[in-house]
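Raw work30.csv, CSV, C-alpha atoms:
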chain,number,residue,atom,x,y,z
A,191,MET,CA,49.6,-18.5,79.2
A,192,SER,CA,50.3,-18.0,75.5
A,193,THR,CA,48.3,-15.7,73.4
A,194,LEU,CA,47.0,-17.3,70.2
A,195,ASN,CA,46.9,-15.5,67.0
A,196,PRO,CA,43.2,-14.7,66.2
A,197,ALA,CA,43.7,-15.6,62.6
A,198,ALA,CA,44.9,-19.1,63.7
A,199,ARG,CA,41.8,-19.6,65.8
A,200,TYR,CA,39.5,-18.5,63.0
A,201,PRO,CA,41.1,-19.7,59.8
A,202,GLN,CA,40.1,-17.9,56.7
A,203,PRO,CA,38.3,-19.8,53.9
A,204,PRO,CA,40.5,-20.4,50.9
A,205,ARG,CA,40.4,-17.7,48.3
A,206,THR,CA,38.3,-18.4,45.3
A,207,TRP,CA,38.4,-17.1,41.8
A,208,SER,CA,35.3,-15.0,42.5
A,209,HIS,CA,36.9,-13.4,45.5
A,210,THR,CA,39.9,-12.5,43.4
A,211,TRP,CA,37.7,-11.3,40.5
A,212,GLU,CA,35.8,-8.9,42.8
A,213,ARG,CA,39.0,-7.2,43.7
A,214,VAL,CA,39.8,-6.3,40.1
A,215,PRO,CA,38.8,-2.8,39.2
A,216,PRO,CA,35.5,-2.5,37.4
A,217,ALA,CA,37.1,-1.0,34.3
A,218,LEU,CA,39.5,-3.9,33.9
A,219,ARG,CA,36.7,-6.4,34.5
A,220,MET,CA,34.6,-4.8,31.8
A,221,LEU,CA,37.6,-4.8,29.4
A,222,ALA,CA,38.3,-8.4,30.1
A,223,LEU,CA,34.7,-9.5,29.7
A,224,ASN,CA,34.4,-7.4,26.5
A,225,LEU,CA,37.5,-9.1,25.1
A,226,LEU,CA,36.3,-12.5,26.0
A,227,ALA,CA,32.9,-11.8,24.4
A,228,TRP,CA,34.4,-10.6,21.2
A,229,ILE,CA,36.8,-13.6,21.0
A,230,ALA,CA,33.7,-15.8,21.5
A,231,VAL,CA,31.9,-14.0,18.6
A,232,CYS,CA,35.0,-14.5,16.4
A,233,ALA,CA,35.3,-18.1,17.4
A,234,VAL,CA,31.7,-18.8,16.4
A,235,GLY,CA,32.2,-16.9,13.2
A,236,THR,CA,35.1,-19.1,12.2
A,237,GLN,CA,32.7,-22.1,12.3
A,238,GLY,CA,35.4,-24.4,13.7
A,239,GLN,CA,38.1,-23.4,11.3
A,240,TRP,CA,40.5,-22.2,14.1
A,241,ARG,CA,43.2,-21.0,11.7
A,242,LEU,CA,40.8,-18.2,10.8
A,243,LEU,CA,40.4,-16.9,14.4
A,244,PRO,CA,43.3,-14.4,14.2
A,245,LYS,CA,41.9,-13.0,10.9
A,246,TRP,CA,38.4,-12.6,12.4
A,247,CYS,CA,39.8,-10.9,15.6
A,248,ILE,CA,41.8,-8.5,13.4
A,249,GLU,CA,38.8,-7.6,11.3
A,250,TYR,CA,36.6,-7.1,14.3
A,251,LEU,CA,39.1,-4.9,16.1
A,252,PRO,CA,37.2,-1.7,15.4
A,253,MET,CA,34.1,-3.2,16.9
A,254,MET,CA,36.0,-4.4,19.9
A,255,LEU,CA,37.4,-0.9,20.5
A,256,LEU,CA,34.0,0.7,20.0
A,257,SER,CA,32.3,-1.6,22.5
A,258,ALA,CA,35.2,-1.1,25.0
A,259,ALA,CA,35.0,2.7,24.6
A,260,LEU,CA,31.2,2.7,25.1
A,261,GLY,CA,31.5,0.4,28.1
A,262,LEU,CA,34.2,2.6,29.7
A,263,ALA,CA,32.1,5.7,29.0
A,264,LEU,CA,29.1,4.1,30.7
A,265,LEU,CA,31.2,3.1,33.7
A,266,ARG,CA,32.5,6.6,34.1
A,267,HIS,CA,29.2,8.4,33.2
A,268,PRO,CA,26.2,6.0,34.0
A,269,GLY,CA,23.7,8.6,32.8
A,270,LEU,CA,25.2,9.0,29.4
A,271,PHE,CA,22.3,7.3,27.6
A,272,GLU,CA,19.4,8.4,29.8
A,273,ARG,CA,17.8,10.6,27.2
A,274,ARG,CA,16.6,9.5,23.8
A,275,ARG,CA,18.4,12.4,22.2
A,276,GLN,CA,21.7,11.1,23.5
A,277,VAL,CA,21.0,7.6,22.3
A,278,LEU,CA,20.0,8.9,18.9
A,279,ALA,CA,23.2,11.1,18.7
A,280,VAL,CA,25.4,8.1,19.4
A,281,PHE,CA,23.5,5.9,17.0
A,282,VAL,CA,23.9,8.5,14.2
A,283,ALA,CA,27.6,9.0,14.9
A,284,VAL,CA,28.1,5.2,14.7
A,285,VAL,CA,26.2,4.9,11.5
A,286,LEU,CA,27.6,8.0,9.8
A,287,LEU,CA,31.2,7.9,11.1
A,288,PHE,CA,32.1,4.6,12.6
A,289,GLN,CA,30.6,2.2,10.1
A,290,PRO,CA,32.2,3.7,7.0
A,291,LEU,CA,35.5,3.8,8.8
A,292,GLN,CA,35.2,0.2,9.8
A,293,TRP,CA,34.4,-0.8,6.2
A,294,LEU,CA,37.6,1.1,5.1
A,295,TYR,CA,39.6,-0.7,7.8
A,296,VAL,CA,38.3,-4.1,6.8
A,297,ALA,CA,39.0,-3.3,3.1
A,298,TRP,CA,42.5,-2.2,4.1
A,299,VAL,CA,43.2,-5.3,6.2
A,300,ARG,CA,42.0,-7.6,3.4
A,301,GLY,CA,44.1,-5.7,0.9
A,302,ASP,CA,41.2,-4.4,-1.2
A,303,ASP,CA,42.0,-1.3,-3.3
A,304,PHE,CA,39.1,1.0,-3.0
A,305,GLY,CA,41.0,4.3,-3.0
A,306,HIS,CA,40.8,6.9,-0.3
A,307,GLY,CA,38.5,9.5,1.0
A,308,ILE,CA,34.8,9.8,0.2
A,309,ALA,CA,35.1,7.9,-3.1
A,310,GLY,CA,36.7,5.0,-1.1
A,311,VAL,CA,33.9,5.0,1.5
A,312,ALA,CA,31.3,5.1,-1.3
A,313,GLU,CA,32.9,2.2,-3.1
A,314,VAL,CA,33.2,0.1,0.1
A,315,ALA,CA,29.6,0.9,1.0
A,316,ARG,CA,28.5,-0.2,-2.6
A,317,VAL,CA,30.3,-3.5,-2.1
A,318,ARG,CA,29.1,-4.0,1.5
A,319,LEU,CA,25.5,-2.9,0.9
A,320,PRO,CA,24.5,-4.1,-2.6
A,321,LEU,CA,21.3,-2.3,-3.6
A,322,ALA,CA,18.8,-3.9,-5.9
A,323,GLU,CA,19.8,-3.0,-9.4
A,324,ALA,CA,17.1,-1.8,-11.8
A,325,ASP,CA,16.6,-4.1,-14.7

Structure translated into structure tokens:
Amino acid sequence: MSTLNPAARYPQPPRTWSHTWERVPPALRMLALNLLAWIAVCAVGTQGQWRLLPKWCIEYLPMMLLSAALGLALLRHPGLFERRRQVLAVFVAVVLLFQPLQWLYVAWVRGDDFGHGIAGVAEVARVRLPLAEAD
């Protein structure tokens, strides 16, 4: 009497993409989905002019990195934004630190010459956020 391999008697269903995707570590899944989402945003922004896609992706690189960092932080510390004070602190940091640095980065990538330091940030902010001029 021969012994049959139990796996031969009960064949496994074929592996699917979802089965493989579930085996990927959560941090890598989050990074991959984040990258795909930002590529989709950039693709929509090009309005069908695909030659502009690399330019858009390069200009959105700081936003991609910020969203990836926040996603990884939330995976590691799920309670990071439980309190209003913590949410407000992150928002203020993004507005006061990240946004001006992103403006400088985009100006640098585009080759604009706004100078450096606080004066450069102020000039970029003036160009990016035109205020109503008094007549």

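Atom pair CA of Glu212 (chain A) / CA of Ala258 (chain A): separated by 19.4 Å.
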
Quiz item: Separation of CA of Phe288 (chain A) and CA of Met253 (chain A), in Å?
Solution: 9.1 Å

Quiz prompt | Close residues, Arg300 (chain A) itself excluded, 12 Å, all atoms listed in the file, min 6 positions apart in chain, as an MDAnalysis selection string | solution = chainID A and resid 245:246 248:249 293:294

Quiz prompt | Closest of A:Val231, A:Leu262, A:Gln237, A:Ser257 to Arg219 (chain A) - atom-to-atom distances counting all atoms listed in the file | solution =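 That would be A:Leu262, the residue with the smallest distance to Arg219 (chain A).
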
Exercise. Return the single residue from A:Thr206, A:Leu291, A:Met220, A:Pro215 that is closest to Leu264 (chain A), with distances computed using only C-alpha atoms.
Key: A:Met220

Self-check item: Shell of 10 Å around Ala217 (chain A), only C-alpha atoms, local chain residues under 5 positions omitted, as a ChimeraX atom specification
Solution: /A:222-223,258,261-263,265-266

Quiz prompt | Atom pair CA of Met254 (chain A) / CA of Asp302 (chain A): separation (Å) | solution =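 One can read the CA of Met254 (chain A) to CA of Asp302 (chain A) distance as 21.7 Å.
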